[in-house]
Amino acid sequence: MIRTDRESMHYDVVIVGGGPAGLSCAIRLKQINSDIKVCLLEKGAEIGAHSLSGAVFEPRGLDELIPDWKEKGAPITCQVTEDQFLFLTAQTAISLPTPFQMRNDGNYIISLGALVKWLAGQAEALGVEIYPGFAASEILYDQNGRVKGVATGDVGISKSGEKTASYQPGLELYAKQTVFAEGCHGSLTKEIIQKFNLRPNGNQTYALGIKEIWEIKPENHVQGRVIHTIGWPLDHLTYGGSWAYHMEDNLVSIGFVVGLDYQNPYLSPFEEMQRHKLHPAISKILQGGKRISYGARALVEGGLSGLPRLTFPGGVLTGDSAGFLNVAKIKGNHAAIKSGLLAAEAITEQLDKNECTSYQDKFKTSWLYDELYKVRNIRQGFRWGRYIGLIHAGFQMIGGWRIPYTLKHHPDYETLQLAKDSNPPVYPKQDGVLTFDRLSSVFLSNTNHDEDQPSHLKLKDSSIPLSVNLPKWAEPAQRYCPAGVYEIVEENNEKQFRINPQNCVHCKTCDIKDPSQNINWTPPQGGGGPNYTGM
């Protein structure tokens, strides 16, 4: 149906997403041709509000984008001084040699939110129009099925579907090329991949990363220290690990990652993170400190074999929307920036073409392709368990990548065992000192949604949570969500599946891991979600 109540705007390029990929693409477009009209939409209330990463930053991509970033005051000042790699048992920490892919000489510990705010300032200085608080909710197609732009969502619709007094219709933004830089498992990117069959012979695989920032005692702090761990508390069949990055000002970024191809439906990534902090090697860092921030997001881990085709009629995919993360390095921001650069260069060459096919070619001749090719099989090896996975990863790193084979991924939602065949882990009760509950954690993420707006979490069939997921898998949404969005409650002696969309931190885990593929994550009305500070 043609909308007549929306205003329309016309640009050469519209970019969906204000992360490192989208902003780098915008900057490079204007560097190449200052006359190109570029608009960037960001669903967060401000640039950086939804940006979450570990983050140890490799500046290689930024060196190419803005060579004088130091002189221009980029918030990249905490250089890595030390790497540690630990294997954890329940009570001990065994020091291992740091794999060379994970070594961080010349890298920095940063706040990704601070970096993208700085990048946004660079983009605006070049003439890029940036609109935070505007979520792209619909792809616009021409009569031939080519993407011709996006529309933002209407604001001011109540749960009943009525327009409120503050109702504002969305905007239609038309472009010669549309860049999707939504981040991991973007709602519009899903549609694009399916419509244009961009991943005909493969799958993507994901993880959930949960992050806290602590202010710790000065005697426990070593600025620039980077610690990664594997092992406890995860069993050997579950992929994952942790990080602890000593930032400036006695701050430490603590994080825990669980591969979403885990098998036990009773596993809770949030509870695994809380339990991890009780390990002596971690608790001694945090003891006497204060938790000041919390966040969670899905990570795209498939690497080269999980990448879709990058172009389609009318647009391109960049950054985590495509899957540019080096899981062996535990880094993706440098890859996101490089992909934005490559996309911009292709777009300026083929702006008026149906499809920017040179982007795919540029990627295949870039250092980013070479980097991802060498680690293309590492993540898949862990399907056989931690120990075989480590041996296989070591083989890849010493030259096994030269053997011309590429392992495929399987969909993460297919891996859950039945509840009757699984044992629930025993998680300790939260103490409010080192370990916490979900709701107090969500509070620290500054998450906010208008409670009267329609739920942005859509069930394809409202009966499935109780009729299928509960008897087969003990409804795992109660546990995989790190924000307490999904609950099974009893009302009038009947079980009910309750959704609390106001808690959602936009991690997208539900859309990925639901075993019935019954949950569709969509953007909420503009500006909703977390507002990460210093993350």
# chains A, B, ... in the order shown; residues from 1 in each chain; ligands from 1

call {"tool": "closest_atom_pairs", "arguments": {"of": "segment 285-351 of chain A", "to": "segment 246-269 of chain A", "cutoff": "12 Å", "atoms": "only C-alpha atoms", "output": "CSV"}}
result
residue,atom,partner,partner_atom,distance
A:Ile285,CA,A:Val252,CA,8.8
A:Leu286,CA,A:Val252,CA,8.6
A:Gly289,CA,A:Leu251,CA,9.4
A:Lys290,CA,A:Leu251,CA,9.6
A:Arg291,CA,A:Val252,CA,9.5
A:Ile292,CA,A:Leu251,CA,9.4
A:Ser293,CA,A:Ser253,CA,9.3
A:Tyr294,CA,A:Ile254,CA,9.6
A:Gly295,CA,A:Gly255,CA,9.5
A:Ala296,CA,A:Gly255,CA,9.2
A:Arg297,CA,A:Val257,CA,9.8
A:Ala298,CA,A:Leu260,CA,8.8
A:Leu299,CA,A:Val257,CA,8.8
A:Val300,CA,A:Gly259,CA,9.8
A:Glu301,CA,A:Gly259,CA,8.5
A:Gly302,CA,A:Gly259,CA,10.8
A:Val327,CA,A:Gly259,CA,11.2
A:Ile330,CA,A:Val257,CA,10.4

call {"tool": "write_last_selection", "arguments": {"atoms": "C-alpha atoms", "output": "PDB file, in the first residue's frame"}}
result
ATOM      1  CA  ILE A 285      40.486  -8.249  40.394  1.00  0.00           C
ATOM      2  CA  LEU A 286      36.955  -7.158  41.270  1.00  0.00           C
ATOM      3  CA  GLY A 289      35.231  -2.644  43.344  1.00  0.00           C
ATOM      4  CA  LYS A 290      31.916  -1.372  42.007  1.00  0.00           C
ATOM      5  CA  ARG A 291      30.018  -2.412  38.917  1.00  0.00           C
ATOM      6  CA  ILE A 292      29.007   0.684  36.956  1.00  0.00           C
ATOM      7  CA  SER A 293      27.782  -0.530  33.538  1.00  0.00           C
ATOM      8  CA  TYR A 294      26.175  -3.586  31.931  1.00  0.00           C
ATOM      9  CA  GLY A 295      25.335  -4.600  28.384  1.00  0.00           C
ATOM     10  CA  ALA A 296      24.876  -7.552  26.053  1.00  0.00           C
ATOM     11  CA  ARG A 297      24.843  -8.176  22.323  1.00  0.00           C
ATOM     12  CA  ALA A 298      25.082 -11.011  19.866  1.00  0.00           C
ATOM     13  CA  LEU A 299      28.368 -11.460  18.003  1.00  0.00           C
ATOM     14  CA  VAL A 300      28.687 -12.745  14.459  1.00  0.00           C
ATOM     15  CA  GLU A 301      31.339 -15.469  14.500  1.00  0.00           C
ATOM     16  CA  GLY A 302      31.076 -17.245  11.170  1.00  0.00           C
ATOM     17  CA  VAL A 327      36.930 -14.743  15.803  1.00  0.00           C
ATOM     18  CA  ILE A 330      38.449 -11.649  18.993  1.00  0.00           C
TER      19      ILE A 330
END

call {"tool": "select_by_dssp", "arguments": {"residues": "segment 351-521 of chain A", "states": "helix (DSSP H, G or I)", "output": "count of residues only"}}
result
71

call {"tool": "closest_atom_pairs", "arguments": {"of": "segment 190-216 of chain A", "to": "segment 133-141 of chain A", "cutoff": "12 Å", "atoms": "only C-alpha atoms", "output": "tab-separated table"}}
result
residue	atom	partner	partner_atom	distance
A:Lys190	CA	A:Ile139	CA	11.2
A:Glu191	CA	A:Ile139	CA	8.6
A:Ile192	CA	A:Ile139	CA	8.6
A:Lys195	CA	A:Ile139	CA	11.1

call {"tool": "residues_around", "arguments": {"residues": "Leu310 of chain A", "least_positions_apart": "2", "cutoff": "9 Å", "atoms": "only C-alpha atoms", "output": "PyMOL selection string"}}
result
chain A and resi 198+307-308+312+315-318+322+357+359-360

call {"tool": "residues_around", "arguments": {"residues": "segment 161-168 of chain A", "least_positions_apart": "6", "cutoff": "10 Å", "atoms": "only C-alpha atoms", "output": "PyMOL selection string"}}
result
chain A and resi 5-6+153-155+452-454

call {"tool": "closest_residue", "arguments": {"among": "A:Gln287, A:Asn326, A:Gln101, A:Thr81", "to": "Trp214 of chain A", "atoms": "only C-alpha atoms"}}
result
A:Gln287

call {"tool": "closest_residue", "arguments": {"among": "A:Thr92, A:Gln122, A:Gln194, A:Ser160", "to": "Gly231 of chain A", "atoms": "only C-alpha atoms"}}
result
A:Thr92

call {"tool": "closest_residue", "arguments": {"among": "A:Lys30, A:Met535, A:Leu173, A:Glu58", "to": "Leu444 of chain A", "atoms": "only C-alpha atoms"}}
result
A:Met535

call {"tool": "closest_residue", "arguments": {"among": "A:Ile210, A:Leu29, A:Val56, A:Ala181", "to": "Ala344 of chain A", "atoms": "only C-alpha atoms"}}
result
A:Leu29

call {"tool": "atom_distance", "arguments": {"atom1": "atom CA of Thr178 of chain A", "atom2": "atom CA of Asp12 of chain A"}}
result
8.6 Å

call {"tool": "atom_distance", "arguments": {"atom1": "atom CA of Tyr245 of chain A", "atom2": "atom CA of Leu434 of chain A"}}
result
17.1 Å
